[in-house]
Amino acid sequence: MTAMELLAPRYEADVDPAGLYADAGRRRPDRPYVLANMVASCDGATAFDGRAAGLANQADQELFKLIRRSAPVVLVGASTVRAERYRPSTVPGQRIAVVTRSCDLDLSSDLFRSGQGIVVTTEDAEALPLDLATIRVGRGSVDLAAALAALDVTTVLCEGGPALLHQLITADLLDELCLTLGPAIVGGSSNRVGGGPDPAHLIDTHLVHVARDGDHLFLRYVRKDLPGG
Ligand SMILES: NC(=O)c1ccc[n+]([C@@H]2O[C@H](COP(=O)([O-])OP(=O)(O)OC[C@H]3O[C@@H](n4cnc5c(N)ncnc54)[C@H](OP(=O)(O)O)[C@@H]3O)[C@@H](O)[C@H]2O)c1
């Protein structure tokens with residue numbers, strides 16, 4: 001992957017992002033470690049014209065693939081799967097767990113035909129094909145803590161969108177945020193990274209690094225109160 005310029009905690013003109021985002025320490029004893037990877041415009045938008053692509057640069061697209069290697073399961077909201085037309089992951093063995101209440105998903109898409117897709121829905125959601133990997137937890141709304149437990153892995157990568165991330169934050173289930181800030185100023189009503197209805201919840205983090213590629217900044221925040229951290 002293209003080298004980045006490291007600005008903090010020390011200066012390095014050419015740093016390998018693989019080292020910066022290495023998964024050392026991404027474990028916790030009580031539940032899967034949950035990291036999120038998001039890109040935002042410098043004024044806080046997470047989408048332009050309904051997609052995130054306009055906010056990223058090539059380094060961010062490469063980083064998206066690199067961070068994917070850090071978790072066996074990607075957790076993503078159904079609106080993101082529909083908007084971004086999710087395809088199967090190229091990471092061997094990786095699963096893509098899609099959170100949905102409506103089950104309005106294209107089950108004939110490559111994502112589900114590949115066998116990588118897992119539908120994470122509610123106990124009272126509609127019936128789904130028996131050969132489809134499905135997790136049902138909660139009634140009316142997916143119980144995200146129970147869903148994480150059912151995934152039965154050490155690390156889960158959440159790729160958004162904001163609505164899903166907001167719920168992980170308010171349920172105190174987020175451990176790390178890898179945030180790319182791009183130079184676009186978007187305006188409008190696009191949700192911010194963890195945007196959603198009140199009440200809000202504050203997770204205190206520390207800034208692990210700041211890296212840069214051109215006009216994009218790459219920030220990694222890890223929660224301060226990690227058990228054993
Ligand atoms: N900038 C970035 O890094 C980034 C990342 C991801 C997405 N995006 C953008 O964000 C937009 C989509 O994000 P979004 O916030 O609108 O939606 P989202 O979080 O991707 O998905 C929301 C949907 O997920 C399902 N869902 C979420 N929580 C649930 C729960 N507890 N129980 C049951 N179902 C649940 C529901 O699906 P159903 O409707 O099927 O019931 C809900 O409508 C797109 O424009 C996308 O391009 C940007």
# chains A, B, ... in the order shown; residues from 1 in each chain; ligands from 1

$ residues_near_ligand --ligand "ligand 1" --cutoff "6 Å" --atoms "only C-alpha atoms and all ligand atoms" --output "PyMOL selection string"
chain A and resi 38-40+46-47+50-52+77-80+83-84+99-104+121+141-142+159-164

$ residues_around --residues "region 183-185 of chain A" --least-positions-apart "2" --cutoff "7 Å" --atoms "only C-alpha atoms" --output "JSON, numbers by chain"
{"A": [41, 42, 43, 55, 181, 187, 215, 216]}

$ write_last_selection --atoms "N, CA and C atoms" --output "tab-separated table (two decimals), in the first residue's frame"
chain	number	residue	atom	x	y	z
A	41	SER	N	-16.25	14.02	5.29
A	41	SER	CA	-15.75	15.28	4.74
A	41	SER	C	-15.26	16.13	5.90
A	42	CYS	N	-14.50	17.17	5.61
A	42	CYS	CA	-13.97	17.96	6.72
A	42	CYS	C	-15.06	18.72	7.45
A	43	ASP	N	-16.27	18.83	6.88
A	43	ASP	CA	-17.38	19.43	7.62
A	43	ASP	C	-18.33	18.36	8.16
A	55	LEU	N	-15.90	11.07	-0.95
A	55	LEU	CA	-15.15	11.64	0.18
A	55	LEU	C	-13.75	11.04	0.30
A	181	LEU	N	-10.50	11.86	7.38
A	181	LEU	CA	-11.12	13.17	7.11
A	181	LEU	C	-10.61	13.67	5.78
A	187	GLY	N	-21.69	20.18	3.06
A	187	GLY	CA	-22.96	20.82	3.42
A	187	GLY	C	-24.11	19.82	3.39
A	215	ASP	N	-4.29	15.74	0.95
A	215	ASP	CA	-5.19	16.56	1.78
A	215	ASP	C	-6.08	15.71	2.69
A	216	HIS	N	-5.86	14.40	2.74
A	216	HIS	CA	-6.64	13.52	3.61
A	216	HIS	C	-5.86	13.23	4.90

$ residues_around --residues "Arg223 (chain A)" --least-positions-apart "2" --cutoff "9 Å" --atoms "only C-alpha atoms" --output "PyMOL selection string"
chain A and resi 174-177+203-207+221+225-226

$ residues_around --residues "Ala8 (chain A)" --least-positions-apart "2" --cutoff "10 Å" --atoms "only C-alpha atoms" --output "list in words"
Glu5, Leu6, Arg10, Tyr11, Glu12, Leu207, Val208, His209, Val210, Ala211, Arg212 and Leu219 of chain A

$ atom_distance --atom1 "CA of Gly44 (chain A)" --atom2 "CA of Thr180 (chain A)"
10.6 Å

$ residues_around --residues "Pro197 (chain A)" --least-positions-apart "5" --cutoff "10 Å" --atoms "only C-alpha atoms" --output "list in words"
Ala163, His166, Gln167 and Thr170 of chain A

$ write_last_selection --atoms "all heavy atoms" --output "compact mmCIF listing (two decimals), in the first residue's frame"
# COMPACT_ATOMS: atom_id res chain seq x y z
N ALA A 163 -26.18 5.14 11.17
CA ALA A 163 -27.30 4.68 12.01
C ALA A 163 -26.89 3.48 12.84
O ALA A 163 -27.21 3.39 14.04
CB ALA A 163 -28.51 4.33 11.14
N HIS A 166 -24.18 4.61 15.44
CA HIS A 166 -24.80 5.34 16.54
C HIS A 166 -25.29 4.37 17.61
O HIS A 166 -25.11 4.58 18.81
CB HIS A 166 -25.96 6.18 16.00
CG HIS A 166 -26.86 6.71 17.06
ND1 HIS A 166 -28.07 6.17 17.35
CD2 HIS A 166 -26.70 7.70 17.93
CE1 HIS A 166 -28.63 6.83 18.35
NE2 HIS A 166 -27.81 7.76 18.72
N GLN A 167 -25.89 3.27 17.17
CA GLN A 167 -26.40 2.30 18.15
C GLN A 167 -25.27 1.58 18.89
O GLN A 167 -25.37 1.28 20.07
CB GLN A 167 -27.29 1.28 17.47
CG GLN A 167 -28.56 1.88 16.95
CD GLN A 167 -29.30 0.89 16.10
OE1 GLN A 167 -29.85 -0.07 16.61
NE2 GLN A 167 -29.29 1.10 14.81
N THR A 170 -24.13 4.15 21.49
CA THR A 170 -25.04 4.35 22.63
C THR A 170 -25.14 3.09 23.49
O THR A 170 -25.45 3.17 24.67
CB THR A 170 -26.45 4.80 22.18
OG1 THR A 170 -26.92 3.89 21.19
CG2 THR A 170 -26.42 6.19 21.59

$ residues_around --residues "region 67-69 of chain A" --least-positions-apart "6" --cutoff "8 Å" --atoms "only C-alpha atoms" --output "list in words"
Tyr21, Asn37, Val91 and Leu157 of chain A

$ select_by_dssp --residues "region 28-203 of chain A" --states "strand (DSSP E)" --output "JSON, numbers by chain"
{"A": [33, 34, 35, 36, 37, 38, 39, 40, 41, 73, 74, 75, 76, 77, 95, 96, 97, 98, 99, 117, 118, 119, 120, 121, 134, 135, 136, 155, 156, 157, 158, 176, 177, 178, 179, 180, 181, 182]}

$ write_last_selection --atoms "N, CA, C and O atoms" --output "compact mmCIF listing (two decimals), in the first residue's frame"
# COMPACT_ATOMS: atom_id res chain seq x y z
N TYR A 33 -13.94 -7.33 20.34
CA TYR A 33 -13.43 -5.96 20.19
C TYR A 33 -14.08 -5.39 18.93
O TYR A 33 -14.07 -6.03 17.87
N VAL A 34 -14.65 -4.20 19.04
CA VAL A 34 -15.36 -3.62 17.89
C VAL A 34 -14.63 -2.36 17.43
O VAL A 34 -14.49 -1.40 18.19
N LEU A 35 -14.13 -2.41 16.19
CA LEU A 35 -13.57 -1.20 15.60
C LEU A 35 -14.44 -0.77 14.44
O LEU A 35 -15.11 -1.61 13.82
N ALA A 36 -14.44 0.52 14.19
CA ALA A 36 -15.21 1.05 13.06
C ALA A 36 -14.26 1.79 12.13
O ALA A 36 -13.29 2.38 12.59
N ASN A 37 -14.55 1.71 10.86
CA ASN A 37 -13.78 2.45 9.87
C ASN A 37 -14.73 3.32 9.06
O ASN A 37 -15.65 2.81 8.43
N MET A 38 -14.51 4.64 9.13
CA MET A 38 -15.41 5.58 8.45
C MET A 38 -14.61 6.68 7.78
O MET A 38 -13.50 7.01 8.20
N VAL A 39 -15.20 7.28 6.75
CA VAL A 39 -14.62 8.46 6.11
C VAL A 39 -15.64 9.58 6.19
O VAL A 39 -16.84 9.34 6.06
N ALA A 40 -15.14 10.79 6.42
CA ALA A 40 -16.04 11.95 6.49
C ALA A 40 -15.40 13.12 5.75
O ALA A 40 -14.18 13.20 5.61
N SER A 41 -16.25 14.02 5.29
CA SER A 41 -15.75 15.28 4.74
C SER A 41 -15.26 16.13 5.90
O SER A 41 -15.61 15.87 7.06
N VAL A 73 -14.98 -10.75 10.78
CA VAL A 73 -16.37 -10.40 10.44
C VAL A 73 -16.50 -8.89 10.26
O VAL A 73 -16.01 -8.12 11.08
N VAL A 74 -17.15 -8.50 9.18
CA VAL A 74 -17.53 -7.10 8.94
C VAL A 74 -19.01 -6.98 9.29
O VAL A 74 -19.84 -7.78 8.82
N LEU A 75 -19.35 -6.00 10.13
CA LEU A 75 -20.74 -5.74 10.50
C LEU A 75 -21.18 -4.46 9.80
O LEU A 75 -20.49 -3.44 9.90
N VAL A 76 -22.31 -4.51 9.11
CA VAL A 76 -22.70 -3.34 8.33
C VAL A 76 -24.22 -3.22 8.30
O VAL A 76 -24.94 -4.23 8.30
N GLY A 77 -24.69 -1.99 8.28
CA GLY A 77 -26.13 -1.75 8.23
C GLY A 77 -26.68 -2.00 6.83
O GLY A 77 -25.99 -1.81 5.82
N ARG A 95 -16.50 -12.97 6.76
CA ARG A 95 -17.95 -12.94 6.61
C ARG A 95 -18.44 -11.49 6.69
O ARG A 95 -17.83 -10.67 7.36
N ILE A 96 -19.54 -11.22 6.01
CA ILE A 96 -20.14 -9.88 6.04
C ILE A 96 -21.51 -10.03 6.70
O ILE A 96 -22.41 -10.65 6.13
N ALA A 97 -21.64 -9.49 7.90
CA ALA A 97 -22.89 -9.61 8.67
C ALA A 97 -23.72 -8.34 8.48
O ALA A 97 -23.29 -7.25 8.85
N VAL A 98 -24.90 -8.50 7.90
CA VAL A 98 -25.74 -7.35 7.53
C VAL A 98 -26.90 -7.23 8.52
O VAL A 98 -27.72 -8.14 8.65
N VAL A 99 -26.95 -6.09 9.20
CA VAL A 99 -28.00 -5.87 10.19
C VAL A 99 -29.23 -5.29 9.50
O VAL A 99 -29.14 -4.28 8.80
N GLY A 117 -22.32 -13.79 3.17
CA GLY A 117 -23.28 -12.93 3.85
C GLY A 117 -23.97 -13.62 5.01
O GLY A 117 -24.34 -14.79 4.93
N ILE A 118 -24.11 -12.90 6.10
CA ILE A 118 -24.91 -13.36 7.24
C ILE A 118 -25.99 -12.31 7.47
O ILE A 118 -25.68 -11.11 7.52
N VAL A 119 -27.23 -12.72 7.57
CA VAL A 119 -28.31 -11.77 7.87
C VAL A 119 -28.49 -11.73 9.39
O VAL A 119 -28.72 -12.76 10.02
N VAL A 120 -28.35 -10.53 9.94
CA VAL A 120 -28.53 -10.35 11.39
C VAL A 120 -29.84 -9.60 11.57
O VAL A 120 -29.94 -8.41 11.22
N THR A 121 -30.85 -10.28 12.06
CA THR A 121 -32.16 -9.66 12.12
C THR A 121 -32.86 -10.01 13.44
O THR A 121 -32.23 -10.55 14.36
N THR A 134 -28.15 -17.01 9.23
CA THR A 134 -29.01 -15.99 9.85
C THR A 134 -28.81 -15.99 11.36
O THR A 134 -28.70 -17.06 11.98
N ILE A 135 -28.76 -14.79 11.93
CA ILE A 135 -28.74 -14.64 13.38
C ILE A 135 -29.97 -13.83 13.74
O ILE A 135 -30.22 -12.77 13.16
N ARG A 136 -30.77 -14.34 14.68
CA ARG A 136 -31.97 -13.61 15.10
C ARG A 136 -31.85 -13.31 16.59
O ARG A 136 -31.83 -14.22 17.42
N THR A 155 -12.84 -10.23 17.08
CA THR A 155 -12.82 -8.86 16.57
C THR A 155 -13.90 -8.69 15.50
O THR A 155 -14.07 -9.56 14.65
N VAL A 156 -14.60 -7.56 15.57
CA VAL A 156 -15.61 -7.24 14.56
C VAL A 156 -15.31 -5.85 14.02
O VAL A 156 -15.07 -4.91 14.79
N LEU A 157 -15.32 -5.73 12.70
CA LEU A 157 -15.12 -4.43 12.04
C LEU A 157 -16.47 -3.90 11.58
O LEU A 157 -17.15 -4.54 10.76
N CYS A 158 -16.86 -2.73 12.10
CA CYS A 158 -18.10 -2.11 11.64
C CYS A 158 -17.76 -1.10 10.54
O CYS A 158 -16.94 -0.20 10.75
N GLU A 176 -12.94 1.30 19.01
CA GLU A 176 -11.94 2.00 18.19
C GLU A 176 -12.63 2.62 16.98
O GLU A 176 -13.52 2.01 16.38
N LEU A 177 -12.19 3.82 16.64
CA LEU A 177 -12.68 4.47 15.42
C LEU A 177 -11.49 4.85 14.55
O LEU A 177 -10.63 5.64 14.98
N CYS A 178 -11.44 4.26 13.36
CA CYS A 178 -10.46 4.67 12.36
C CYS A 178 -11.19 5.65 11.45
O CYS A 178 -12.15 5.26 10.77
N LEU A 179 -10.78 6.90 11.49
CA LEU A 179 -11.53 7.95 10.82
C LEU A 179 -10.64 8.64 9.79
O LEU A 179 -9.56 9.10 10.11
N THR A 180 -11.13 8.68 8.56
CA THR A 180 -10.47 9.46 7.51
C THR A 180 -11.23 10.76 7.35
O THR A 180 -12.46 10.74 7.23
N LEU A 181 -10.50 11.86 7.38
CA LEU A 181 -11.12 13.17 7.11
C LEU A 181 -10.61 13.67 5.78
O LEU A 181 -9.40 13.79 5.57
N GLY A 182 -11.55 13.94 4.86
CA GLY A 182 -11.18 14.39 3.53
C GLY A 182 -11.40 15.88 3.37
O GLY A 182 -12.10 16.51 4.19

$ atom_distance --atom1 "CA of Pro32 (chain A)" --atom2 "CA of Leu144 (chain A)"
11.5 Å

$ select_by_dssp --residues "region 120-206 of chain A" --states "helix (DSSP H, G or I)" --output "PyMOL selection string"
chain A and resi 144-151+162-170

$ write_last_selection --atoms "all heavy atoms" --output "CSV table (one decimal), in the first residue's frame"
chain,number,residue,atom,x,y,z
A,144,LEU,N,-27.8,-5.6,19.6
A,144,LEU,CA,-26.4,-5.6,19.1
A,144,LEU,C,-25.4,-6.4,20.0
A,144,LEU,O,-24.5,-7.0,19.5
A,144,LEU,CB,-26.0,-4.2,18.7
A,144,LEU,CG,-26.7,-3.6,17.6
A,144,LEU,CD1,-26.4,-2.1,17.4
A,144,LEU,CD2,-26.5,-4.4,16.3
A,145,ALA,N,-25.6,-6.3,21.3
A,145,ALA,CA,-24.7,-7.0,22.2
A,145,ALA,C,-24.9,-8.5,22.0
A,145,ALA,O,-23.9,-9.2,21.9
A,145,ALA,CB,-25.0,-6.6,23.6
A,146,ALA,N,-26.1,-8.9,21.8
A,146,ALA,CA,-26.4,-10.4,21.6
A,146,ALA,C,-25.9,-10.8,20.2
A,146,ALA,O,-25.4,-11.9,20.1
A,146,ALA,CB,-27.9,-10.6,21.8
A,147,ALA,N,-26.0,-9.9,19.3
A,147,ALA,CA,-25.5,-10.2,17.9
A,147,ALA,C,-24.0,-10.4,17.9
A,147,ALA,O,-23.5,-11.3,17.3
A,147,ALA,CB,-25.9,-9.1,16.9
A,148,LEU,N,-23.3,-9.5,18.6
A,148,LEU,CA,-21.8,-9.6,18.7
A,148,LEU,C,-21.5,-11.0,19.3
A,148,LEU,O,-20.5,-11.6,18.9
A,148,LEU,CB,-21.3,-8.5,19.5
A,148,LEU,CG,-21.3,-7.1,18.8
A,148,LEU,CD1,-20.8,-6.0,19.7
A,148,LEU,CD2,-20.5,-7.1,17.5
A,149,ALA,N,-22.2,-11.3,20.4
A,149,ALA,CA,-21.9,-12.6,21.1
A,149,ALA,C,-22.1,-13.8,20.1
A,149,ALA,O,-21.3,-14.7,20.0
A,149,ALA,CB,-22.7,-12.7,22.3
A,150,ALA,N,-23.2,-13.7,19.4
A,150,ALA,CA,-23.6,-14.8,18.5
A,150,ALA,C,-22.6,-14.9,17.3
A,150,ALA,O,-22.4,-16.0,16.8
A,150,ALA,CB,-25.0,-14.6,17.9
A,151,LEU,N,-21.9,-13.8,16.9
A,151,LEU,CA,-20.9,-13.9,15.9
A,151,LEU,C,-19.7,-14.7,16.3
A,151,LEU,O,-19.0,-15.3,15.5
A,151,LEU,CB,-20.5,-12.5,15.4
A,151,LEU,CG,-21.6,-11.7,14.6
A,151,LEU,CD1,-21.2,-10.3,14.5
A,151,LEU,CD2,-21.8,-12.4,13.3
A,162,PRO,N,-23.8,5.4,9.6
A,162,PRO,CA,-24.0,6.1,10.8
A,162,PRO,C,-25.1,5.6,11.7
A,162,PRO,O,-24.9,5.6,13.0
A,162,PRO,CB,-24.3,7.5,10.3
A,162,PRO,CG,-23.6,7.6,9.0
A,162,PRO,CD,-23.7,6.2,8.4
A,163,ALA,N,-26.2,5.1,11.2
A,163,ALA,CA,-27.3,4.7,12.0
A,163,ALA,C,-26.9,3.5,12.8
A,163,ALA,O,-27.2,3.4,14.0
A,163,ALA,CB,-28.5,4.3,11.1
A,164,LEU,N,-26.2,2.5,12.2
A,164,LEU,CA,-25.7,1.4,13.0
A,164,LEU,C,-24.6,1.8,14.0
A,164,LEU,O,-24.6,1.3,15.1
A,164,LEU,CB,-25.2,0.3,12.0
A,164,LEU,CG,-24.6,-0.9,12.7
A,164,LEU,CD1,-25.6,-1.7,13.5
A,164,LEU,CD2,-24.0,-1.9,11.6
A,165,LEU,N,-23.7,2.6,13.6
A,165,LEU,CA,-22.6,3.0,14.4
A,165,LEU,C,-23.2,3.8,15.7
A,165,LEU,O,-22.7,3.6,16.8
A,165,LEU,CB,-21.6,3.9,13.7
A,165,LEU,CG,-20.3,4.2,14.3
A,165,LEU,CD1,-19.6,2.9,14.7
A,165,LEU,CD2,-19.4,5.0,13.4
A,166,HIS,N,-24.2,4.6,15.4
A,166,HIS,CA,-24.8,5.3,16.5
A,166,HIS,C,-25.3,4.4,17.6
A,166,HIS,O,-25.1,4.6,18.8
A,166,HIS,CB,-26.0,6.2,16.0
A,166,HIS,CG,-26.9,6.7,17.1
A,166,HIS,ND1,-28.1,6.2,17.4
A,166,HIS,CD2,-26.7,7.7,17.9
A,166,HIS,CE1,-28.6,6.8,18.4
A,166,HIS,NE2,-27.8,7.8,18.7
A,167,GLN,N,-25.9,3.3,17.2
A,167,GLN,CA,-26.4,2.3,18.2
A,167,GLN,C,-25.3,1.6,18.9
A,167,GLN,O,-25.4,1.3,20.1
A,167,GLN,CB,-27.3,1.3,17.5
A,167,GLN,CG,-28.6,1.9,16.9
A,167,GLN,CD,-29.3,0.9,16.1
A,167,GLN,OE1,-29.8,-0.1,16.6
A,167,GLN,NE2,-29.3,1.1,14.8
A,168,LEU,N,-24.2,1.3,18.2
A,168,LEU,CA,-23.0,0.7,18.9
A,168,LEU,C,-22.5,1.6,19.9
A,168,LEU,O,-22.1,1.2,21.0
A,168,LEU,CB,-21.9,0.3,17.8
A,168,LEU,CG,-22.3,-0.9,16.9
A,168,LEU,CD1,-21.2,-1.0,15.8
A,168,LEU,CD2,-22.3,-2.2,17.7
A,169,ILE,N,-22.4,2.9,19.6
A,169,ILE,CA,-21.9,3.9,20.5
A,169,ILE,C,-22.8,4.0,21.7
A,169,ILE,O,-22.4,3.9,22.9
A,169,ILE,CB,-21.8,5.3,19.8
A,169,ILE,CG1,-20.7,5.2,18.7
A,169,ILE,CG2,-21.4,6.4,20.8
A,169,ILE,CD1,-20.7,6.4,17.8
A,170,THR,N,-24.1,4.2,21.5
A,170,THR,CA,-25.0,4.4,22.6
A,170,THR,C,-25.1,3.1,23.5
A,170,THR,O,-25.4,3.2,24.7
A,170,THR,CB,-26.5,4.8,22.2
A,170,THR,OG1,-26.9,3.9,21.2
A,170,THR,CG2,-26.4,6.2,21.6

$ closest_residue --among "A:Pro72, A:Thr2, A:Arg85, A:Gly19" --to "Gln58 (chain A)" --atoms "only C-alpha atoms"
A:Thr2
